[in-house]
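Data block for data.pdb (PDB, C-alpha atoms, pLDDT in the B column):
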```
ATOM      1  CA  MET S 300      -8.154   8.315  -8.510  1.00 47.00           C
ATOM      2  CA  TYR S 301      -6.285   5.392  -7.001  1.00 49.00           C
ATOM      3  CA  PRO S 302      -5.523   2.397  -9.210  1.00 50.00           C
ATOM      4  CA  ARG S 303      -7.177  -0.808  -8.152  1.00 58.00           C
ATOM      5  CA  HIS S 304      -5.264  -2.928  -5.683  1.00 62.00           C
ATOM      6  CA  VAL S 305      -6.011  -6.544  -4.944  1.00 67.00           C
ATOM      7  CA  VAL S 306      -7.968  -6.047  -1.728  1.00 74.00           C
ATOM      8  CA  VAL S 307      -8.528  -8.985   0.591  1.00 80.00           C
ATOM      9  CA  PRO S 308     -10.561  -8.474   3.793  1.00 82.00           C
ATOM     10  CA  GLY S 309      -8.398  -9.415   6.774  1.00 87.00           C
ATOM     11  CA  ALA S 310      -5.162  -8.708   4.875  1.00 88.00           C
ATOM     12  CA  THR S 311      -2.442  -6.665   6.544  1.00 91.00           C
ATOM     13  CA  LEU S 312      -0.951  -3.985   4.292  1.00 93.00           C
ATOM     14  CA  ALA S 313       2.082  -1.727   4.515  1.00 93.00           C
ATOM     15  CA  LEU S 314       1.189   1.647   2.968  1.00 94.00           C
ATOM     16  CA  THR S 315       3.614   4.352   1.842  1.00 93.00           C
ATOM     17  CA  ARG S 316       2.936   7.684   0.158  1.00 93.00           C
ATOM     18  CA  ARG S 317       5.377  10.464  -0.738  1.00 93.00           C
ATOM     19  CA  THR S 318       4.863  14.201  -0.592  1.00 92.00           C
ATOM     20  CA  THR S 319       4.846  16.410  -3.677  1.00 89.00           C
ATOM     21  CA  MET S 320       8.373  17.013  -4.981  1.00 87.00           C
ATOM     22  CA  ARG S 321       9.577  15.196  -1.849  1.00 87.00           C
ATOM     23  CA  LYS S 322       9.147  18.376   0.169  1.00 89.00           C
ATOM     24  CA  ALA S 323       9.328  18.118   3.959  1.00 87.00           C
ATOM     25  CA  PHE S 324       5.630  18.719   4.617  1.00 89.00           C
ATOM     26  CA  LEU S 325       5.514  15.822   7.112  1.00 88.00           C
ATOM     27  CA  ALA S 326       8.581  17.001   9.046  1.00 85.00           C
ATOM     28  CA  PRO S 327       8.091  17.938  12.705  1.00 85.00           C
ATOM     29  CA  TRP S 328       8.247  21.685  11.922  1.00 86.00           C
ATOM     30  CA  HIS S 329       5.144  22.188  14.073  1.00 89.00           C
ATOM     31  CA  SER S 330       3.699  20.070  16.885  1.00 86.00           C
ATOM     32  CA  LEU S 331       0.352  19.930  15.082  1.00 92.00           C
ATOM     33  CA  VAL S 332       1.769  18.062  12.077  1.00 91.00           C
ATOM     34  CA  SER S 333       1.784  14.668  13.812  1.00 89.00           C
ATOM     35  CA  GLN S 334      -1.352  15.464  15.821  1.00 91.00           C
ATOM     36  CA  GLY S 335      -3.260  16.456  12.677  1.00 93.00           C
ATOM     37  CA  TRP S 336      -2.041  13.355  10.846  1.00 93.00           C
ATOM     38  CA  LEU S 337      -3.202  11.141  13.717  1.00 92.00           C
ATOM     39  CA  TYR S 338      -6.583  12.859  13.814  1.00 95.00           C
ATOM     40  CA  CYS S 339      -7.126  12.356  10.064  1.00 95.00           C
ATOM     41  CA  LEU S 340      -5.938   8.755  10.332  1.00 95.00           C
ATOM     42  CA  ALA S 341      -8.265   8.028  13.267  1.00 95.00           C
ATOM     43  CA  GLU S 342     -11.200   9.597  11.444  1.00 96.00           C
ATOM     44  CA  ALA S 343     -10.574   7.520   8.298  1.00 96.00           C
ATOM     45  CA  GLN S 344      -9.995   4.412  10.416  1.00 95.00           C
ATOM     46  CA  GLN S 345     -13.302   4.829  12.199  1.00 94.00           C
ATOM     47  CA  GLU S 346     -15.239   5.699   9.048  1.00 94.00           C
ATOM     48  CA  HIS S 347     -13.946   2.737   7.035  1.00 95.00           C
ATOM     49  CA  ASP S 348     -13.506   0.072   9.725  1.00 92.00           C
ATOM     50  CA  VAL S 349      -9.738  -0.329   9.303  1.00 94.00           C
ATOM     51  CA  ALA S 350      -7.340  -1.515  12.030  1.00 93.00           C
ATOM     52  CA  VAL S 351      -4.225   0.696  12.182  1.00 91.00           C
ATOM     53  CA  HIS S 352      -1.141  -1.005  13.613  1.00 88.00           C
ATOM     54  CA  LEU S 353       1.537   1.607  13.006  1.00 85.00           C
ATOM     55  CA  THR S 354       2.043   4.999  11.465  1.00 87.00           C
ATOM     56  CA  ASN S 355       5.279   6.877  11.065  1.00 86.00           C
ATOM     57  CA  LEU S 356       5.932  10.250   9.438  1.00 88.00           C
ATOM     58  CA  VAL S 357       9.384  10.397   7.830  1.00 86.00           C
ATOM     59  CA  VAL S 358       9.691  14.023   6.613  1.00 87.00           C
ATOM     60  CA  THR S 359       8.901  13.398   2.908  1.00 89.00           C
ATOM     61  CA  HIS S 360       6.726  10.300   3.179  1.00 91.00           C
ATOM     62  CA  GLN S 361       4.604   8.286   5.552  1.00 91.00           C
ATOM     63  CA  HIS S 362       4.444   4.630   6.505  1.00 91.00           C
ATOM     64  CA  THR S 363       1.208   3.145   7.827  1.00 92.00           C
ATOM     65  CA  ASP S 364       0.426  -0.515   8.489  1.00 92.00           C
ATOM     66  CA  ILE S 365      -3.227  -1.522   8.476  1.00 93.00           C
ATOM     67  CA  THR S 366      -5.557  -4.512   8.385  1.00 93.00           C
ATOM     68  CA  LEU S 367      -8.701  -4.197   6.284  1.00 90.00           C
ATOM     69  CA  GLU S 368     -11.982  -5.469   7.670  1.00 89.00           C
ATOM     70  CA  LYS S 369     -13.764  -4.799   4.354  1.00 89.00           C
ATOM     71  CA  PRO S 370     -12.495  -4.385   0.770  1.00 88.00           C
ATOM     72  CA  ASN S 371     -12.504  -0.577   1.042  1.00 90.00           C
ATOM     73  CA  LEU S 372      -8.841   0.403   0.691  1.00 92.00           C
ATOM     74  CA  GLY S 373      -9.550   3.055  -1.953  1.00 91.00           C
ATOM     75  CA  ALA S 374     -12.157   4.870   0.123  1.00 94.00           C
ATOM     76  CA  PHE S 375      -9.917   4.750   3.212  1.00 95.00           C
ATOM     77  CA  LEU S 376      -6.920   6.164   1.301  1.00 94.00           C
ATOM     78  CA  ARG S 377      -8.970   8.878  -0.409  1.00 94.00           C
ATOM     79  CA  GLN S 378     -10.318  10.147   2.891  1.00 96.00           C
ATOM     80  CA  LEU S 379      -6.983   9.911   4.721  1.00 96.00           C
ATOM     81  CA  HIS S 380      -4.983  11.749   2.077  1.00 95.00           C
ATOM     82  CA  ARG S 381      -7.676  14.321   1.256  1.00 95.00           C
ATOM     83  CA  GLU S 382      -8.257  15.291   4.895  1.00 96.00           C
ATOM     84  CA  SER S 383      -4.575  15.302   5.873  1.00 94.00           C
ATOM     85  CA  SER S 384      -3.750  17.348   2.766  1.00 94.00           C
ATOM     86  CA  CYS S 385      -6.447  19.920   3.647  1.00 94.00           C
ATOM     87  CA  PHE S 386      -5.158  20.064   7.221  1.00 95.00           C
ATOM     88  CA  LEU S 387      -1.512  20.525   6.200  1.00 94.00           C
ATOM     89  CA  ASN S 388      -2.384  23.175   3.596  1.00 92.00           C
ATOM     90  CA  THR S 389      -4.299  25.112   6.247  1.00 93.00           C
ATOM     91  CA  LEU S 390      -1.464  24.813   8.778  1.00 93.00           C
ATOM     92  CA  LEU S 391       1.126  25.909   6.206  1.00 91.00           C
ATOM     93  CA  ALA S 392      -0.983  28.926   5.176  1.00 91.00           C
ATOM     94  CA  GLU S 393      -1.585  29.943   8.800  1.00 91.00           C
ATOM     95  CA  HIS S 394       2.192  30.082   9.308  1.00 89.00           C
ATOM     96  CA  ARG S 395       2.713  32.006   6.061  1.00 89.00           C
ATOM     97  CA  TYR S 396       4.298  29.182   4.107  1.00 84.00           C
ATOM     98  CA  ASP S 397       3.331  28.558   0.499  1.00 82.00           C
ATOM     99  CA  ALA S 398       0.627  25.912   0.588  1.00 78.00           C
ATOM    100  CA  PRO S 399       1.147  23.429  -2.278  1.00 83.00           C
ATOM    101  CA  ARG S 400      -2.529  22.514  -2.793  1.00 81.00           C
ATOM    102  CA  GLU S 401      -1.431  18.916  -3.381  1.00 87.00           C
ATOM    103  CA  VAL S 402       0.572  17.720  -0.364  1.00 90.00           C
ATOM    104  CA  PHE S 403       0.955  14.185  -1.704  1.00 92.00           C
ATOM    105  CA  ASP S 404       2.405  13.448  -5.127  1.00 90.00           C
ATOM    106  CA  LYS S 405       0.348  12.219  -8.062  1.00 89.00           C
ATOM    107  CA  ARG S 406       1.570   8.642  -7.775  1.00 88.00           C
ATOM    108  CA  SER S 407      -0.746   6.283  -6.003  1.00 86.00           C
ATOM    109  CA  CYS S 408      -0.156   5.058  -2.504  1.00 89.00           C
ATOM    110  CA  HIS S 409       2.114   2.010  -2.448  1.00 91.00           C
ATOM    111  CA  ALA S 410       0.303  -0.901  -0.778  1.00 91.00           C
ATOM    112  CA  MET S 411       2.257  -4.066  -0.024  1.00 91.00           C
ATOM    113  CA  ARG S 412       0.474  -7.079   1.396  1.00 92.00           C
ATOM    114  CA  LEU S 413       2.271  -8.600   4.393  1.00 91.00           C
ATOM    115  CA  MET S 414       1.580 -12.299   4.012  1.00 90.00           C
ATOM    116  CA  ASP S 415       2.680 -13.647   7.403  1.00 91.00           C
ATOM    117  CA  ALA S 416       4.114 -12.722  10.804  1.00 89.00           C
ATOM    118  CA  ALA S 417       7.695 -12.785   9.495  1.00 92.00           C
ATOM    119  CA  ALA S 418       6.803 -10.256   6.771  1.00 92.00           C
ATOM    120  CA  GLN S 419       5.037  -8.065   9.323  1.00 88.00           C
ATOM    121  CA  VAL S 420       8.033  -8.051  11.692  1.00 86.00           C
ATOM    122  CA  THR S 421      10.442  -7.362   8.827  1.00 89.00           C
ATOM    123  CA  GLN S 422       8.326  -4.400   7.695  1.00 89.00           C
ATOM    124  CA  LEU S 423       8.041  -3.098  11.253  1.00 85.00           C
ATOM    125  CA  VAL S 424      11.837  -3.149  11.693  1.00 84.00           C
ATOM    126  CA  TYR S 425      12.314  -1.495   8.277  1.00 87.00           C
ATOM    127  CA  GLU S 426       9.876   1.310   9.146  1.00 84.00           C
ATOM    128  CA  ARG S 427      11.473   1.748  12.560  1.00 83.00           C
ATOM    129  CA  CYS S 428      14.999   2.050  11.090  1.00 83.00           C
ATOM    130  CA  ASN S 429      14.060   4.096   7.993  1.00 83.00           C
ATOM    131  CA  PRO S 430      14.890   7.523   9.530  1.00 83.00           C
ATOM    132  CA  VAL S 431      18.343   6.239  10.562  1.00 85.00           C
ATOM    133  CA  ALA S 432      19.011   4.808   7.087  1.00 85.00           C
ATOM    134  CA  ALA S 433      17.967   8.144   5.566  1.00 81.00           C
ATOM    135  CA  GLY S 434      20.482   9.957   7.785  1.00 82.00           C
ATOM    136  CA  LEU S 435      17.829  11.974   9.628  1.00 81.00           C
ATOM    137  CA  VAL S 436      18.693  10.769  13.145  1.00 83.00           C
ATOM    138  CA  GLN S 437      21.294   8.570  14.827  1.00 88.00           C
ATOM    139  CA  ARG S 438      18.798   6.367  16.658  1.00 86.00           C
ATOM    140  CA  PRO S 439      15.193   5.481  15.736  1.00 80.00           C
ATOM    141  CA  GLU S 440      13.773   6.785  19.013  1.00 77.00           C
ATOM    142  CA  HIS S 441      15.168  10.263  18.229  1.00 78.00           C
ATOM    143  CA  MET S 442      12.806  10.699  15.267  1.00 77.00           C
ATOM    144  CA  PRO S 443       9.972  13.088  16.110  1.00 73.00           C
ATOM    145  CA  GLY S 444       6.629  11.878  14.793  1.00 63.00           C
ATOM    146  CA  ASN S 445       7.469   8.253  15.534  1.00 59.00           C
ATOM    147  CA  VAL S 446       4.169   7.743  17.287  1.00 55.00           C
ATOM    148  CA  VAL S 447       4.220   4.065  18.255  1.00 57.00           C
ATOM    149  CA  ASP S 448       6.808   3.091  20.835  1.00 57.00           C
ATOM    150  CA  PHE S 449       8.744   0.088  19.531  1.00 58.00           C
ATOM    151  CA  ASP S 450       8.743  -1.480  23.023  1.00 61.00           C
ATOM    152  CA  LEU S 451       4.963  -1.952  22.722  1.00 58.00           C
ATOM    153  CA  TRP S 452       5.525  -4.466  19.935  1.00 57.00           C
TER     154      TRP S 452
END
```

Here is the file; what I need is its structure written in the form of structure tokens.
Amino acid sequence: MYPRHVVVPGATLALTRRTTMRKAFLAPWHSLVSQGWLYCLAEAQQEHDVAVHLTNLVVTHQHTDITLEKPNLGAFLRQLHRESSCFLNTLLAEHRYDAPREVFDKRSCHAMRLMDAAAQVTQLVYERCNPVAAGLVQRPEHMPGNVVDFDLW
């Protein structure tokens, strides 16, 4: 169960959720990891009428920026994390890895409201540079799973 967030229709939110025990379930260990994540995200987006601006898988956590059309953040997050967790558990089991049952940790998804364009750009740059700051790659464009080309912004 997700705790209640202050949900404002039309608000842009930066979402972050970590994996269980910070394990690398979202790492690009298989090409289907990012494809499966995108499929689950698109399905939840369509079902709950949410605009997705950015998503980025960073090995042990994910960043996703959205704008809500309705006050349905909880339903959107439940579907996204349930479906992506089922997908990743299945993929792990098919490749003979121990499936954790719970891919995402017990803490709720962090949702930060981006109040204006400056906050949105700051968050975008932070999410873009996060893999470099974590020491995963030397340049942001080298991070597999970075699915939105920064030049499009």

Inset, instruction - Excluding Leu356 (chain S) and any residue of its chain fewer than 5 positions from it, enumerate the residues within 10 Å of it, using all atoms listed in the file, and give them as a list in words. - result: Thr315, Phe324, Leu325, Ala326, Pro327, Val332, Ser333, Trp336, Gln361, His362, Thr363, Glu426, Pro430, Met442, Pro443, Gly444, Asn445 and Val446 of chain S

Inset, instruction - Point out the residue among S:Gly373, S:Leu387, S:Leu367, S:His347 with the least atom-to-atom distance to Gly335 (chain S), counting only C-alpha atoms. - result: S:Leu387

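Within the file as shown, the PyMOL selection byres ((chain S and resi 376-384) around 8) identifies Tyr301, Gly335, Trp336, Cys339, Leu340, Glu342, Ala343, Leu372, Gly373, Ala374, Phe375, Cys385, Phe386, Leu387, Asn388, Arg400, Glu401, Val402, Phe403 and Cys408 of chain S.
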
Draw an axis-aligned box tight on the listed atoms of region 376-394 of chain S, then pad every side by 4 Å and write out centre and edge lengths in Å to one decimal as JSON.
```
{"center_x": -4.1, "center_y": 18.1, "center_z": 4.4, "size_x": 20.5, "size_y": 31.9, "size_z": 17.7}
```

Inset, instruction - State, in Å with one decimal place, the distance from CA of Gln419 (chain S) to CA of Ala350 (chain S). - result: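 Calculated distance between CA of Gln419 (chain S) and CA of Ala350 (chain S) is 14.3 Å.
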
Inset, instruction - Provide the CA of Leu353 (chain S) to CA of Pro399 (chain S) distance in Å, to one decimal place. - result: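 Taking CA of Leu353 (chain S) and CA of Pro399 (chain S), their separation equals 26.6 Å.
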
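Proximity to Leu391 (chain S) was assessed for S:Val424, S:Ala310, S:Ala323, S:Leu337 counting only C-alpha atoms; the smallest distance is recorded for S:Ala323.
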
Inset, instruction - Go through S:Glu393, S:Val306, S:Tyr425, S:Thr354 and flag the residue nearest Tyr338 (chain S), using all atoms listed in the file for the distances. - result: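 Comparing S:Glu393, S:Val306, S:Tyr425, S:Thr354 against Tyr338 (chain S), the winner is S:Thr354.
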
Inset, instruction - Would you list the contacts of Thr311 (chain S) as a list in words, taking every protein, DNA or RNA residue within 12 Å and counting all atoms listed in the file, but skipping same-chain residues closer than 3 positions in sequence? - result: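 Using all atoms listed in the file, the neighbours found are Val306, Val307, Pro308, Leu314, Val349, Ala350, Val351, His352, Leu353, Thr363, Asp364, Ile365, Thr366, Leu367, Glu368, Lys369, Pro370, Leu372, Ala410, Met411, Arg412, Leu413, Met414, Asp415, Ala416, Ala418, Gln419, Val420 and Gln422 of chain S.
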
Inset, instruction - Have a look at CA of Gln334 (chain S) and CA of Cys428 (chain S) and let me know their distance in Å, one decimal. - result: 21.7 Å
